[in-house]
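For reference, the structure discussed in these notes is given below.
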Amino acid sequence: MLAGASLVYACLARDEGTFEKQYSDDGGPPGAIEAGPSIDDAKSELPPVDPHGVQGVDPPHGPWSGGQLALVRGNGFSSSVRVWFGATEVSQADLVPIDAKRVQVVVPAGSAGSVDVRVQNGNDASTARSIVGGYTYDDFFLEPSAGPTSGGTRVTLKGSGTNWSDGTEVLIDLAPCTDVSIVGKTEMTCTTPPAPPGAKLVRVTTPDAVGVDVLDGFTYGNSDNGYRGGLSGQPLGGKLRVLALDAYSGDPIPGAFVIAGDNLESALVKKTDVAGVVDFNDPTLTKQRSVTVAKKCFQPITFVDVPVDTVTAYLDPVLSPACAEDGDPPPTGGSGSLSGSISGELLWPKTKEFERAGWTNVPLPKGPNETHVAYVLPLASSAAQTFQLPGSFAAITPDAGGTIGFAYAQSASTGNKTLYALAGIEDRSLSPPKFIAYAMGIVKGVPSTPGANTSNVYIEMDIPLDQALKVQSGGPTPTPKGPDRVLVASAVAMGELGYLLFPNSEKSAFLPGSPSFSFVGLPPLSAALTGSQYVVAARAVTGKGEATPESVATRIQTNTTSTTLSVTNFVEIPVLTTPKNNSTWNGKDLAFSFVPGGADVDLSVITIASSGGLVNWTIAAPKGKSDIMLPDLKALDPAAALPAGPLTLAVSLANIVGFDYGSLRYRELADRGWNAYATDIFFSHW
């Protein structure tokens, strides 16, 4: 009797990821345990064994907004297990029972402070167990929660029950987060300092010297999420601060010209100090003022009609041997060591509790070259992207290893990630290979840390791809150059996280006209996809090469496939009027036009490329600004201006939902930050 009781207790006490045979304890196989005369005394000393329990949550803390993936550990869990954080029960769509000791959950939202974590099997109250203060909701979180090691990410701190005011300080990895702006008692913004890769402590100290720490509050990695730099601060009113930073290293750029004004003769002009900063104090700085930052061997940028008092400009270095005299040209690309990885298993609906199940929701292969295959994918940044079939090395097959599922491993950039998996039938004997997906799964809130692997992340493959969406598309007003055809793609938008793309989800037709399309193989927007939206991205392009002029439109339809979706919100094609195409540019004047109608234009971005694209001048202009005057950089310093010769001018008009020019971020200078846009390319010289 002693041997059996000891073995049961040892098995319950052990916190392992897989079930063990009873002899897999430190005492060896059953034969190694001897029962002697003292059996009754030893038995009376054994602690009572509770068949149910909850031991802890990993990680034990997270943002009060919820959304973080966590593993609840204990014993006696069944496949009907339920979990509560405080009074809030985790949705069944956000809960994956792994085995009798583990259940994966997406933490629900809460309020700052510790809460009890309760676990119960189904409606059986006798199995309910709690751990007091088992999870702590942090007092605040940062959005975004990750950024480049060079710093410069403009982050928003969102608090719960906080009392922030002027004088509140923010430290990240014990270095000041600069340019703190208090929005309210529970919200403020600041710009991250540079730091080595990894998850860092964030400390907020109020003027009364009360400090609050959040461990792992911000993660530095090698990917630029686009939230750094841009416009911020209070309305322009006599003071203007401009920071010039190296886009690759994040280091300050001393000696850069900063021109506050669009006419060099009347503009305010200064050079940045050793910290890369210029401060203007002038009563004429009211309402709005264009700001240009330029320096030899860096690519200039202009923000037209800036309405706020802070500009953070990241200048790309000119990667030319001619700049080596001022130091070696900076290295490009990132370090692989700064990437993270995520691994786990794909789980199929089970016929027996906690046992590995087959691919029951995927049809059997028929042809001799057809195989079962699954892929784990990151979210796309745009609904207009085309689904790209991963290489065969990334395939997960029924022969993959795993304990209760099928093992996968996925590289990941820094931050909290959402992954999705598609399973279906593939034939790689065809060119291009054919892949038809029949089932999918999704997991949210997975932390990815540079140089580390996040393991034991489970994805339930329980979402059928059985929905169909009908679409009718229009197009922009064609110019003499085009566009002449439309490409329409379907996707699913996961809020601000990104997009789910699917194979065979792009179709095409010629313009003009209003072609109709039908897309099959989409998921229902329920369970784990509740709150997501079907998205259709239509690209009006020119020629077989899908060249410019082009216009990209998106239209979101919530939660239904019962009606035909009409896509009409195309941005009209821009036409550059100054300089005229193939004419000489004076280096100062730009103007463009577009026909009335179409989606609103919230931001215009013009990129002037010289030296075959080696040097680019980026100009960002707010809504309603189509005639632009630029300072004459050649007259100021020829070395800071574009090199003479042929020029390529790309004019883009962007529609951005909820856009505020006074809060412009660098991600909004490119199409990844646009909801709809139109682009055309023109040529000039000087």
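Naming scheme: A, B, ... for chains in displayed order of the structure tokens; residues 1 onward per chain; ligands 1 onward as shown.
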List every residue of stretch 256-461 of chain A that DSSP, applied to the backbone of this structure, places in helix (DSSP H, G or I), and write the result as a list of chain:residue names.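 Here are the helix (DSSP H, G or I) residues of stretch 256-461 of chain A: A:Pro321, A:Ala322, A:Cys323, A:Ala324, A:Glu325, A:Asp326, A:Gly336, A:Ser337, A:Leu338, A:Ser392, A:Phe393, A:Ala394.
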Show me, as a PyMOL selection string, the residues that have an atom within 12 Å of stretch 667-672 of chain A when counting only C-alpha atoms, minus same-chain residues fewer than 3 positions from it. chain A and resi 153-154+224-231+301-303+314+380-385+496+498-499+551-553+602-607+618-622+650-661+663-664+675-679
Selection export as a PDB file, in the first residue's frame, atoms kept: C-alpha atoms:
```
ATOM      1  CA  THR A 153      10.052  54.407 -30.617  1.00  0.00           C
ATOM      2  CA  ARG A 154       7.259  56.735 -29.592  1.00  0.00           C
ATOM      3  CA  ASP A 224      11.739  48.355 -36.840  1.00  0.00           C
ATOM      4  CA  ASN A 225       8.009  48.350 -36.136  1.00  0.00           C
ATOM      5  CA  GLY A 226       7.651  51.778 -37.743  1.00  0.00           C
ATOM      6  CA  TYR A 227       6.392  53.514 -34.612  1.00  0.00           C
ATOM      7  CA  ARG A 228       9.568  55.488 -34.071  1.00  0.00           C
ATOM      8  CA  GLY A 229      10.052  59.067 -35.168  1.00  0.00           C
ATOM      9  CA  GLY A 230       7.613  61.527 -36.660  1.00  0.00           C
ATOM     10  CA  LEU A 231       5.542  64.355 -35.187  1.00  0.00           C
ATOM     11  CA  ILE A 301      13.314  64.553 -45.197  1.00  0.00           C
ATOM     12  CA  THR A 302      10.660  67.271 -45.123  1.00  0.00           C
ATOM     13  CA  PHE A 303       7.473  67.414 -43.071  1.00  0.00           C
ATOM     14  CA  TYR A 314      15.384  59.495 -38.645  1.00  0.00           C
ATOM     15  CA  ALA A 380       0.593  39.742 -42.827  1.00  0.00           C
ATOM     16  CA  SER A 381       0.965  43.514 -42.512  1.00  0.00           C
ATOM     17  CA  SER A 382      -1.394  44.246 -45.416  1.00  0.00           C
ATOM     18  CA  ALA A 383      -4.540  42.655 -46.817  1.00  0.00           C
ATOM     19  CA  ALA A 384      -3.173  43.420 -50.289  1.00  0.00           C
ATOM     20  CA  GLN A 385      -0.248  41.022 -49.846  1.00  0.00           C
ATOM     21  CA  GLU A 496      -4.681  46.071 -35.382  1.00  0.00           C
ATOM     22  CA  GLY A 498      -2.527  42.124 -38.929  1.00  0.00           C
ATOM     23  CA  TYR A 499      -4.162  39.907 -41.528  1.00  0.00           C
ATOM     24  CA  SER A 551      -4.525  52.250 -56.636  1.00  0.00           C
ATOM     25  CA  VAL A 552      -5.106  49.943 -53.682  1.00  0.00           C
ATOM     26  CA  ALA A 553      -8.441  49.922 -51.879  1.00  0.00           C
ATOM     27  CA  ASP A 602      -5.249  62.130 -45.564  1.00  0.00           C
ATOM     28  CA  LEU A 603      -1.524  62.190 -46.354  1.00  0.00           C
ATOM     29  CA  SER A 604       0.640  62.717 -49.417  1.00  0.00           C
ATOM     30  CA  VAL A 605       4.145  61.264 -49.616  1.00  0.00           C
ATOM     31  CA  ILE A 606       6.535  62.183 -52.425  1.00  0.00           C
ATOM     32  CA  THR A 607       9.879  60.442 -52.752  1.00  0.00           C
ATOM     33  CA  THR A 618      11.095  62.150 -48.667  1.00  0.00           C
ATOM     34  CA  ILE A 619       8.374  64.805 -48.440  1.00  0.00           C
ATOM     35  CA  ALA A 620       5.239  64.268 -46.314  1.00  0.00           C
ATOM     36  CA  ALA A 621       2.295  66.675 -46.665  1.00  0.00           C
ATOM     37  CA  PRO A 622      -1.045  66.820 -44.826  1.00  0.00           C
ATOM     38  CA  ALA A 650       7.038  58.668 -56.758  1.00  0.00           C
ATOM     39  CA  VAL A 651       3.816  60.404 -55.702  1.00  0.00           C
ATOM     40  CA  SER A 652       1.553  58.524 -53.261  1.00  0.00           C
ATOM     41  CA  LEU A 653      -1.815  59.657 -51.906  1.00  0.00           C
ATOM     42  CA  ALA A 654      -2.882  57.778 -48.761  1.00  0.00           C
ATOM     43  CA  ASN A 655      -6.155  57.197 -46.974  1.00  0.00           C
ATOM     44  CA  ILE A 656      -5.575  56.384 -43.279  1.00  0.00           C
ATOM     45  CA  VAL A 657      -8.490  55.670 -40.960  1.00  0.00           C
ATOM     46  CA  GLY A 658      -8.362  57.838 -37.822  1.00  0.00           C
ATOM     47  CA  PHE A 659      -5.244  59.665 -39.006  1.00  0.00           C
ATOM     48  CA  ASP A 660      -3.878  62.698 -37.148  1.00  0.00           C
ATOM     49  CA  TYR A 661      -1.047  64.473 -38.958  1.00  0.00           C
ATOM     50  CA  SER A 663       0.886  62.338 -34.478  1.00  0.00           C
ATOM     51  CA  LEU A 664       2.471  61.056 -37.699  1.00  0.00           C
ATOM     52  CA  ASN A 675      -5.693  51.720 -45.579  1.00  0.00           C
ATOM     53  CA  ALA A 676      -5.980  52.727 -49.237  1.00  0.00           C
ATOM     54  CA  TYR A 677      -3.629  54.573 -51.566  1.00  0.00           C
ATOM     55  CA  ALA A 678      -2.709  55.475 -55.120  1.00  0.00           C
ATOM     56  CA  THR A 679       0.801  55.809 -56.547  1.00  0.00           C
TER      57      THR A 679
END
```
Go through stretch 458-553 of chain A and flag each residue having an atom no more than 12 Å from stretch 103-116 of chain A; for those, report the closest pair of atoms plus their distance in Å to one decimal, using only C-alpha atoms, ordered by chain and rising number, as CSV.
```
residue,atom,partner,partner_atom,distance
A:Tyr458,CA,A:Gln104,CA,7.6
A:Ile459,CA,A:Gln104,CA,9.7
A:Glu460,CA,A:Gln104,CA,10.7
A:Ala528,CA,A:Val106,CA,10.5
```
Expected file contents, prior selection, N, CA and C atoms, as a PDB file, in the first residue's frame:
```
ATOM      1  N   TYR A 458       0.601  25.956 -28.130  1.00  0.00           N
ATOM      2  CA  TYR A 458      -0.276  24.992 -28.789  1.00  0.00           C
ATOM      3  C   TYR A 458      -1.325  25.717 -29.635  1.00  0.00           C
ATOM      4  N   ILE A 459      -1.561  25.187 -30.824  1.00  0.00           N
ATOM      5  CA  ILE A 459      -2.534  25.762 -31.753  1.00  0.00           C
ATOM      6  C   ILE A 459      -3.578  24.701 -32.064  1.00  0.00           C
ATOM      7  N   GLU A 460      -4.820  24.957 -31.709  1.00  0.00           N
ATOM      8  CA  GLU A 460      -5.910  24.030 -32.005  1.00  0.00           C
ATOM      9  C   GLU A 460      -6.358  24.190 -33.452  1.00  0.00           C
ATOM     10  N   ALA A 528     -12.558  31.510 -31.920  1.00  0.00           N
ATOM     11  CA  ALA A 528     -11.295  32.243 -31.793  1.00  0.00           C
ATOM     12  C   ALA A 528     -11.212  33.447 -32.716  1.00  0.00           C
TER      13      ALA A 528
END
```
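For the residues A:Met629, A:Ile342, A:Ile608, A:Ile98, ranking by smallest atom-to-atom distance to A:Gly645 using only C-alpha atoms places A:Ile608 first.
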7 Å contact set for A:Thr186, only C-alpha atoms, chain neighbours under 3 positions out, as JSON, numbers by chain: {"A": [158, 159, 160, 161, 162, 163, 164]}
Within 6 Å of A:Arg289, counting only C-alpha atoms, which residues show up once you throw out same-chain ones fewer than 4 positions away? Write them as a PyMOL selection string, please. chain A and resi 261+305-306
Run DSSP on the backbone and give me the residues of stretch 448-638 of chain A it puts in strand (DSSP E), as a count of residues only. 96
